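**Student:** protein-v4.cif is reproduced in full below (mmCIF, C-alpha atoms).
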```
data_work
loop_
_atom_site.group_PDB
_atom_site.id
_atom_site.type_symbol
_atom_site.label_atom_id
_atom_site.label_comp_id
_atom_site.auth_asym_id
_atom_site.auth_seq_id
_atom_site.Cartn_x
_atom_site.Cartn_y
_atom_site.Cartn_z
ATOM 1 C CA MET A 1 0.000 0.000 0.000
ATOM 2 C CA SER A 2 1.169 3.532 -0.667
ATOM 3 C CA LEU A 3 0.717 6.804 1.140
ATOM 4 C CA GLN A 4 -1.261 9.904 0.256
ATOM 5 C CA ALA A 5 -0.497 13.172 2.009
ATOM 6 C CA GLU A 6 -3.011 15.990 1.732
ATOM 7 C CA LEU A 7 -1.837 19.371 2.988
ATOM 8 C CA GLU A 8 -4.263 22.214 3.643
ATOM 9 C CA GLN A 9 -3.556 25.697 4.938
ATOM 10 C CA TYR A 10 -6.186 26.955 7.391
ATOM 11 C CA ARG A 11 -5.352 30.400 8.768
ATOM 12 C CA ASN A 12 -1.969 29.967 10.459
ATOM 13 C CA VAL A 13 -2.305 26.171 10.713
ATOM 14 C CA LEU A 14 -1.023 23.535 8.300
ATOM 15 C CA ILE A 15 -3.334 20.507 8.358
ATOM 16 C CA VAL A 16 -1.631 17.321 7.174
ATOM 17 C CA ARG A 17 -3.928 14.363 6.446
ATOM 18 C CA LEU A 18 -2.098 11.079 5.954
ATOM 19 C CA ARG A 19 -3.759 8.087 4.282
ATOM 20 C CA GLY A 20 -2.150 4.674 3.831
ATOM 21 C CA GLU A 21 1.207 3.573 5.230
ATOM 22 C CA LEU A 22 3.958 5.822 6.573
ATOM 23 C CA ASP A 23 7.078 3.671 6.465
ATOM 24 C CA HIS A 24 10.642 3.686 5.134
ATOM 25 C CA HIS A 25 9.293 3.635 1.554
ATOM 26 C CA THR A 26 7.155 6.768 1.965
ATOM 27 C CA ALA A 27 8.817 8.711 4.809
ATOM 28 C CA ASP A 28 11.037 10.882 2.594
ATOM 29 C CA VAL A 29 8.079 12.095 0.526
ATOM 30 C CA VAL A 30 6.160 13.140 3.641
ATOM 31 C CA ARG A 31 9.258 14.730 5.152
ATOM 32 C CA PHE A 32 9.871 16.786 2.003
ATOM 33 C CA LYS A 33 6.232 17.895 1.572
ATOM 34 C CA MET A 34 5.847 18.948 5.189
ATOM 35 C CA GLU A 35 9.250 20.633 5.387
ATOM 36 C CA GLU A 36 8.567 22.617 2.242
ATOM 37 C CA ALA A 37 5.069 23.655 3.365
ATOM 38 C CA ILE A 38 6.331 24.746 6.795
ATOM 39 C CA LEU A 39 9.244 26.742 5.344
ATOM 40 C CA ARG A 40 7.382 28.486 2.515
ATOM 41 C CA GLY A 41 3.968 28.916 4.108
ATOM 42 C CA SER A 42 2.540 31.082 6.821
ATOM 43 C CA SER A 43 2.009 28.058 9.043
ATOM 44 C CA GLU A 44 2.682 28.673 12.671
ATOM 45 C CA HIS A 45 1.188 25.365 13.833
ATOM 46 C CA VAL A 46 0.685 21.860 12.400
ATOM 47 C CA ILE A 47 -2.173 19.393 12.829
ATOM 48 C CA LEU A 48 -1.520 15.771 11.863
ATOM 49 C CA SER A 49 -4.802 14.081 11.031
ATOM 50 C CA LEU A 50 -4.183 10.333 11.116
ATOM 51 C CA LYS A 51 -7.700 8.924 10.747
ATOM 52 C CA GLU A 52 -6.811 7.024 7.578
ATOM 53 C CA LEU A 53 -3.200 6.167 8.406
ATOM 54 C CA GLN A 54 -3.243 2.371 8.541
ATOM 55 C CA PHE A 55 0.387 1.693 9.437
ATOM 56 C CA MET A 56 3.474 3.533 10.620
ATOM 57 C CA ASP A 57 6.976 2.345 11.483
ATOM 58 C CA SER A 58 9.997 4.001 13.088
ATOM 59 C CA SER A 59 10.710 5.958 9.890
ATOM 60 C CA GLY A 60 7.323 7.615 10.272
ATOM 61 C CA LEU A 61 8.063 8.425 13.904
ATOM 62 C CA GLY A 62 11.293 10.054 12.764
ATOM 63 C CA VAL A 63 9.468 12.213 10.224
ATOM 64 C CA ILE A 64 6.949 13.345 12.834
ATOM 65 C CA LEU A 65 9.603 14.062 15.447
ATOM 66 C CA GLY A 66 11.698 16.021 12.940
ATOM 67 C CA ARG A 67 8.771 18.182 11.841
ATOM 68 C CA TYR A 68 7.803 18.677 15.507
ATOM 69 C CA LYS A 69 11.271 20.092 16.176
ATOM 70 C CA GLN A 70 11.052 22.273 13.054
ATOM 71 C CA VAL A 71 7.682 23.746 14.106
ATOM 72 C CA LYS A 72 8.737 24.163 17.741
ATOM 73 C CA SER A 73 11.911 26.028 16.703
ATOM 74 C CA LYS A 74 9.655 28.577 14.976
ATOM 75 C CA GLY A 75 7.587 28.989 18.147
ATOM 76 C CA GLY A 76 4.650 26.874 16.951
ATOM 77 C CA LYS A 77 2.861 23.763 18.155
ATOM 78 C CA MET A 78 2.131 20.412 16.563
ATOM 79 C CA VAL A 79 -0.878 18.329 17.584
ATOM 80 C CA VAL A 80 -2.355 15.068 16.301
ATOM 81 C CA CYS A 81 -5.965 14.009 15.869
ATOM 82 C CA ASP A 82 -8.075 11.059 14.755
ATOM 83 C CA VAL A 83 -5.383 8.504 15.621
ATOM 84 C CA ASN A 84 -6.422 4.906 14.894
ATOM 85 C CA PRO A 85 -5.663 2.226 17.542
ATOM 86 C CA ASN A 86 -2.586 0.711 15.812
ATOM 87 C CA VAL A 87 -0.864 4.044 15.344
ATOM 88 C CA HIS A 88 -2.001 5.195 18.802
ATOM 89 C CA ARG A 89 -0.190 2.231 20.343
ATOM 90 C CA LEU A 90 3.017 3.096 18.472
ATOM 91 C CA PHE A 91 2.779 6.708 19.686
ATOM 92 C CA GLU A 92 2.327 5.489 23.268
ATOM 93 C CA MET A 93 5.243 3.040 23.094
ATOM 94 C CA SER A 94 7.548 5.637 21.544
ATOM 95 C CA GLY A 95 6.672 8.323 24.084
ATOM 96 C CA LEU A 96 5.485 10.805 21.427
ATOM 97 C CA PHE A 97 2.372 11.606 23.465
ATOM 98 C CA LYS A 98 4.686 13.147 26.063
ATOM 99 C CA ILE A 99 5.424 15.956 23.603
ATOM 100 C CA LEU A 100 2.393 15.903 21.282
ATOM 101 C CA THR A 101 -1.179 16.601 22.325
ATOM 102 C CA ILE A 102 -3.863 14.316 20.896
ATOM 103 C CA HIS A 103 -7.382 15.437 19.954
ATOM 104 C CA ASP A 104 -10.459 13.478 18.905
ATOM 105 C CA ASN A 105 -10.946 15.350 15.622
ATOM 106 C CA GLU A 106 -9.694 18.217 13.481
ATOM 107 C CA ARG A 107 -12.223 20.699 14.845
ATOM 108 C CA ASN A 108 -10.990 20.186 18.419
ATOM 109 C CA ALA A 109 -7.380 20.361 17.257
ATOM 110 C CA ILE A 110 -8.004 23.648 15.432
ATOM 111 C CA SER A 111 -9.822 25.078 18.462
ATOM 112 C CA SER A 112 -6.906 24.190 20.737
ATOM 113 C CA LEU A 113 -4.445 25.967 18.456
ATOM 114 C CA GLU A 114 -6.598 29.058 18.004
ATOM 115 C CA VAL A 115 -6.492 29.520 21.768
ATOM 116 C CA VAL A 116 -2.679 29.346 21.556
ATOM 117 C CA SER A 117 -2.402 31.671 18.555
#
```
Output the file's structure in the form of structure tokens.

**Tutor:**
Amino acid sequence: MSLQAELEQYRNVLIVRLRGELDHHTADVVRFKMEEAILRGSSEHVILSLKELQFMDSSGLGVILGRYKQVKSKGGKMVVCDVNPNVHRLFEMSGLFKILTIHDNERNAISSLEVVS
């Protein structure tokens, strides 16, 4: 299975919707797309919507952690939403939830960031 990454700018938030599998085959594409969007856009914050992400390995964790550091260095926040159980377990085991806030859906994620903005 492949990966589709949909990026949408909403005010000062970059919403990244991932669909498919984020693994060593697809990690570089996601890394490049997100990096480019963060650098060239007016995105202060990032929302990762993972409702349709079926699988993720350590390469995917690396991409997320790297973009988290990139956003944080610019004074922004990254949050995740709609995390399916398999990916949720990986986030828990890796400790990513210690640095990333999780929300039930995009609307709640956007609301949390608008309070911060």

**Student:** Please, what distance in Å, to one decimal, runs between atom CA of A:Phe91 and atom CA of A:Glu8?

**Tutor:**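 Going from atom CA of A:Phe91 over to atom CA of A:Glu8, I get 23.4 Å.
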
**Student:** Looking at A:Leu65, A:Val29, A:Ile38, A:Ile47, which one is nearest to A:Asp82, with distances taken over only C-alpha atoms?

**Tutor:**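 The answer is A:Ile47, which sits nearest to A:Asp82.
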
**Student:** Residues at most 6 Å from A:Gln54, counting only C-alpha atoms, excluding those fewer than 2 positions away in the same chain, as an MDAnalysis selection string?

**Tutor:** chainID A and resid 20:21 52

**Student:** So, with only C-alpha atoms as the atoms that count, which of A:Leu14, A:Arg19, A:Ser59, A:His25 lies closest to A:Gly41?

**Tutor:**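 For A:Gly41, the nearest of the given residues is A:Leu14.
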
**Student:** Expressed in Å to a single decimal, how great is the separation between atom CA of A:Ser2 and atom CA of A:Leu90?

**Tutor:**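 Calculated distance between atom CA of A:Ser2 and atom CA of A:Leu90 is 19.2 Å.
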
**Student:** Just give me the gap between atom CA of A:His24 and atom CA of A:Gly60 in Å, one decimal is fine.

**Tutor:**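 Between atom CA of A:His24 and atom CA of A:Gly60 the gap works out to 7.3 Å.
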
**Student:** Quick one: apply the PyMOL selection byres ((chain A and resi 18) around 10) to the file and drop the selected residues here as a PyMOL selection string.

**Tutor:** chain A and resi 3-7+15-17+19-22+30+48-54

**Student:** Write out as AutoDock Vina command-line options an axis-aligned box for stretch 95-112 of chain A: all of its atoms listed in the file, 8 Å added on each side, centre and edge lengths in Å with one decimal.

**Tutor:**
```
--center_x -2.8 --center_y 16.7 --center_z 19.8 --size_x 34.9 --size_y 32.8 --size_z 28.6
```

**Student:** Between A:Met78, A:Ile102, A:Leu96, A:Val46, which has the minimum distance to A:Tyr10 (counting only C-alpha atoms)?

**Tutor:** A:Val46

**Student:** Name all residues at most 12 Å from A:Glu92 (count all atoms listed in the file; drop same-chain ones fewer than 6 positions away) and give them as a PDB file with C-alpha atoms, keeping the file's coordinate frame.

**Tutor:**
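The resulting file, out.pdb, is reproduced below:
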```pdb
ATOM      1  CA  LEU A  61       8.063   8.425  13.904  1.00  0.00           C
ATOM      2  CA  VAL A  83      -5.383   8.504  15.621  1.00  0.00           C
ATOM      3  CA  PRO A  85      -5.663   2.226  17.542  1.00  0.00           C
ATOM      4  CA  ASN A  86      -2.586   0.711  15.812  1.00  0.00           C
ATOM      5  CA  LYS A  98       4.686  13.147  26.063  1.00  0.00           C
ATOM      6  CA  ILE A  99       5.424  15.956  23.603  1.00  0.00           C
ATOM      7  CA  LEU A 100       2.393  15.903  21.282  1.00  0.00           C
ATOM      8  CA  THR A 101      -1.179  16.601  22.325  1.00  0.00           C
ATOM      9  CA  ILE A 102      -3.863  14.316  20.896  1.00  0.00           C
TER      10      ILE A 102
END
```
